[in-house]
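Since the structure comes first, as structure tokens, the remarks are kept for the end.
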Amino acid sequence: MPERLSILIVEDNAADRMLLSTIVSRQGHRVLTAGNGLEAVALFEQERPHLVLMDALMPVMDGFEAARRIKQQAGEALVPIIFLTSLTENEALVRCLEAGGDDFLAKPYNRVILEAKIGAMDRLRRLQATVLEQRDLIARHNEHLLREQRVAKAVFDKVAHSGCLDAPNIRYLQSPYALFNGDLLLAAYTPSGGMHVMLGDFTGHGLPAAIGAMPLAEVFYGMTAKGHALAEILREINAKLKRILPVGVFCCATLLNISSQRGLLEVWNGGLPDGYLLHGDGRPRQALVSRHLPLGILEPAAFSDRCEVYPLAEGDRIFLLSDGVLEACNQQGQLFGEERLLALLDANRQPQALFEEIQRALVEFRGEVQDDVSMLQVGLAEDDERPRPLAFADSGQSSSLDWSASFEFRAQSLRHFNPLPYLLQLLLDVQALRPRGGELYTVLAELYSNALEHGVMGLNSALKQDASGFAEYYRERRLRLAALHEGYVRFHLRMLPEDGGGRLIVRVEDSGPGFDPGRVMAAGDEALCGRGLALVRQLSDGFHVAPGGQGVSVEFCWSSEA
């Protein structure tokens, strides 16, 4: 059965009004009547009928003005108005529709046509009501999704940006194409005071592109804090993304290890546009070329963690970018491209103004954002980097202070295993050592590096006199390490309780021929890699070289009041 409607009949002629009322009521509808437009507007506001039959020409207020006011009162709801008119001129009929009418019925009235028009207008009215209901439902659902996304984004930002992006030697820009950014910027201090930095670009945009950022950031920050090398972090990130991401989703990325103490830059680029090492002394820039597939594509056995190594001096800076910069296009469809970017890098004389110059060039190019746009500039820290205290969860239990342990890492382990995070975790179970965790890691890393590179493999630091020698040193290190079949590095650890505190003694020895302590002391920092023994002496509380240079011992002391 058709729905019973409430229909307002507006007609100044009493006979016509009665005729229409009879026809409409016999069709099963409720009838309301008004003698002019003013009465009709007042009755509509009071009763809110479903449909209006409106005479065009009436005293007091004609049907045209009444129709406009009724439509205004109805708002978004559709209240069909059928004009009742004897007018036949086209202009008059157009005026009925322009006033808000939805149809018109010519006099004299035909019962069948009137019933059909009422039915057609009722279908339109119900369709409009359904559309409005679905719109409101979609709006509520969208608001619910936005609330969830805002919460997720707050968590995402805290996890992804919980490192040291606010460090004074870092400048960055992110322009998200969506609420979630498929580009990812991470930076964290290493235990020795250096820095790991990553610029990543997941495939796609928005939440699907950013979903891999959470586990990636967890691995990056966790392993960096524990002292893992860049190669180890890369392997773990690739394996995790390969395991959890669907086929076709991966992360193009450039990762950096920046060490001020060693004046060293390690770079791994997999799928991102070339980054650039910009020298502060005016030497030609060095392209940091992508030589690997993105993270999350290759199985762990096929993945290459090989990094390129460059010397890094004060005033040098590294510039990285996502492909959103190069792929910005103008109205003619031309890409901004690498050539324009390189011209900007060549012309830049003020490092802090580089980002503004690139943004200004994009605006002048009339670039349209087609992708997430990210840029990063990082250099050596202005102040002397010091090892930083590490944060560890504290269960309230104190580790034993009376123990000793020895570890010997032989050739096969030395080729594939970094013992430093393992040893550091063991030693920092002693709560009193935790405030000096950064210094302890730096000393262990320096002693281990010297034992492995100079003792076991016999490398000569004199190679590192210039950029080409620097590259040759690390190329030779990689080759000798891969071919290593004999040799060892030993760590002897002693934890001693003392009145009012305790003492840690660490002795590192290797299978090499040893060195001349007197010559090393006279030569200073250059005798060993980086800052060498001078750095070790500076950071430890006790220092001793065994006769013949067969081992180095250091001590860390603390008091219970500290």
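Lettering and numbering for the structure tokens are positional, with chains as A, B, ... in the shown order, residues counted from 1 in each chain, and ligands counted from 1 in the shown order.
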### Picked from stretch 86-177 of chain A by DSSP as alpha helix (DSSP H), as a PyMOL selection string
chain A and resi 90-98+111-160
Practice problem: Determine, counting only C-alpha atoms, which protein, DNA and RNA residues have an atom within 9 Å of an atom of stretch 410-412 of chain A; residues of the same chain fewer than 2 positions away are not included. Present the result as JSON, numbers by chain. | Solution: {"A": [408, 414, 415, 416, 417, 481, 484, 485, 486, 487, 488, 489, 490]}
Using only C-alpha atoms: which of A:Gly263, A:Pro49, A:Gly270, A:Gly532 has the shortest distance to A:Val79:
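The answer is A:Pro49, which sits nearest to A:Val79.
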Exercise for review: Determine, counting only C-alpha atoms, which protein, DNA and RNA residues have an atom within 9 Å of an atom of A:Asp274; residues of the same chain fewer than 3 positions away are not included. Present the result as a ChimeraX atom specification.
Suggested key: /A:269,271,287-290,320-321
Atoms to include: N, CA, C and O atoms. Write the selected residues as a short mmCIF file (atom, residue, chain, number, x, y, z; two decimals), in the first residue's frame.
data_model
loop_
_atom_site.label_atom_id
_atom_site.label_comp_id
_atom_site.auth_asym_id
_atom_site.auth_seq_id
_atom_site.Cartn_x
_atom_site.Cartn_y
_atom_site.Cartn_z
N ASN A 269 72.44 2.98 0.20
CA ASN A 269 71.31 3.54 -0.54
C ASN A 269 70.65 2.43 -1.35
O ASN A 269 71.28 1.83 -2.21
N GLY A 271 67.44 2.28 -3.60
CA GLY A 271 66.24 2.68 -4.32
C GLY A 271 65.85 4.15 -4.24
O GLY A 271 64.96 4.59 -4.96
N ALA A 287 78.35 12.05 -5.19
CA ALA A 287 77.01 11.46 -5.28
C ALA A 287 76.95 10.19 -4.44
O ALA A 287 77.85 9.35 -4.49
N LEU A 288 75.88 10.06 -3.66
CA LEU A 288 75.65 8.86 -2.85
C LEU A 288 74.63 8.02 -3.61
O LEU A 288 73.42 8.12 -3.42
N VAL A 289 75.14 7.19 -4.50
CA VAL A 289 74.33 6.52 -5.51
C VAL A 289 73.63 5.30 -4.92
O VAL A 289 74.17 4.61 -4.05
N SER A 290 72.42 5.04 -5.41
CA SER A 290 71.71 3.81 -5.03
C SER A 290 72.36 2.62 -5.71
O SER A 290 72.42 2.54 -6.93
N LEU A 320 69.99 14.51 1.51
CA LEU A 320 69.18 13.40 1.02
C LEU A 320 67.80 13.92 0.64
O LEU A 320 67.31 14.90 1.21
N LEU A 321 67.14 13.22 -0.28
CA LEU A 321 65.80 13.64 -0.72
C LEU A 321 65.02 12.43 -1.18
O LEU A 321 65.59 11.41 -1.60
#
With distances taken over only C-alpha atoms, the candidate from A:Glu472, A:Ser404, A:Leu51, A:Ala381 nearest A:Arg494 is A:Ser404
Checklist entry - For A:Ile233, which of A:Gln134, A:Gln538, A:Asn418, A:Ser175 is the closest residue, counting only C-alpha atoms? => result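 Result for the nearest residue to A:Ile233: A:Asn418.
Atom pair atom CA of A:Glu148 / atom CA of A:Pro215 has a distance of 19.4 Å (rounded to one decimal).
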Exercise for review: Name the residues in contact with stretch 9-11 of chain A at a cut-off of 9 Å, using only C-alpha atoms, excluding same-chain residues fewer than 3 positions from it; report them as a list in words.
Suggested key: Ala14, Asp16, Arg17, Leu20, Ser21, Val31, Leu32, Thr33, Ala34, Gly35, Asn36, Gly37, Glu39, Ala40, Leu51, Val52, Leu53, Met54, Asp55, Ala56, Leu57, Met58, Gly63 and Leu84 of chain A
Output C-alpha atoms for every residue in that selection, as a compact mmCIF listing (two decimals), in the first residue's frame.
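See part.txt below for the written result:
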# COMPACT_ATOMS: atom_id res chain seq x y z
CA ALA A 14 -13.04 27.62 -2.62
CA ASP A 16 -11.28 24.26 -6.64
CA ARG A 17 -9.95 23.82 -3.13
CA LEU A 20 -8.78 18.95 -4.90
CA SER A 21 -9.38 18.05 -1.27
CA VAL A 31 -5.37 17.00 3.53
CA LEU A 32 -4.43 20.47 4.82
CA THR A 33 -5.84 23.59 3.10
CA ALA A 34 -4.88 27.29 2.85
CA GLY A 35 -6.55 30.15 0.97
CA ASN A 36 -3.40 32.15 0.11
CA GLY A 37 0.37 32.02 0.20
CA GLU A 39 -1.58 31.07 5.25
CA ALA A 40 0.32 28.32 3.43
CA LEU A 51 3.92 17.64 -0.39
CA VAL A 52 2.37 20.94 -1.47
CA LEU A 53 -0.19 21.61 -4.24
CA MET A 54 0.25 25.35 -4.85
CA ASP A 55 -1.88 27.74 -6.92
CA ALA A 56 0.31 30.24 -8.75
CA LEU A 57 -1.89 33.36 -8.69
CA MET A 58 -3.42 34.24 -5.30
CA GLY A 63 2.34 31.04 -5.02
CA LEU A 84 -1.67 24.40 -9.98
Write out as CSV the residues of stretch 210-317 of chain A that have any atom within 10 Å of an atom of stretch 335-343 of chain A, one row each with the nearest atom pair and its distance in Å to one decimal, counting only C-alpha atoms, sorted by chain and then rising number.
residue,atom,partner,partner_atom,distance
A:Pro273,CA,A:Glu338,CA,9.0
A:Asp274,CA,A:Glu338,CA,9.2
A:Tyr276,CA,A:Leu342,CA,9.6
A:Arg285,CA,A:Leu342,CA,9.9
Worksheet item: Between atom CA of A:Ile170 and atom CA of A:Ala253, what is the distance, to one decimal in Å?
Response: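 Result for atom CA of A:Ile170 versus atom CA of A:Ala253: 17.5 Å, one decimal.
Closest to A:Ala353 among A:Tyr172, A:Phe64, A:Tyr109, A:Phe83 is A:Tyr172, based on only C-alpha atoms.
Across the structure, atom CA of A:Gly100 and atom CA of A:Gln73 are spaced 12.1 Å apart.
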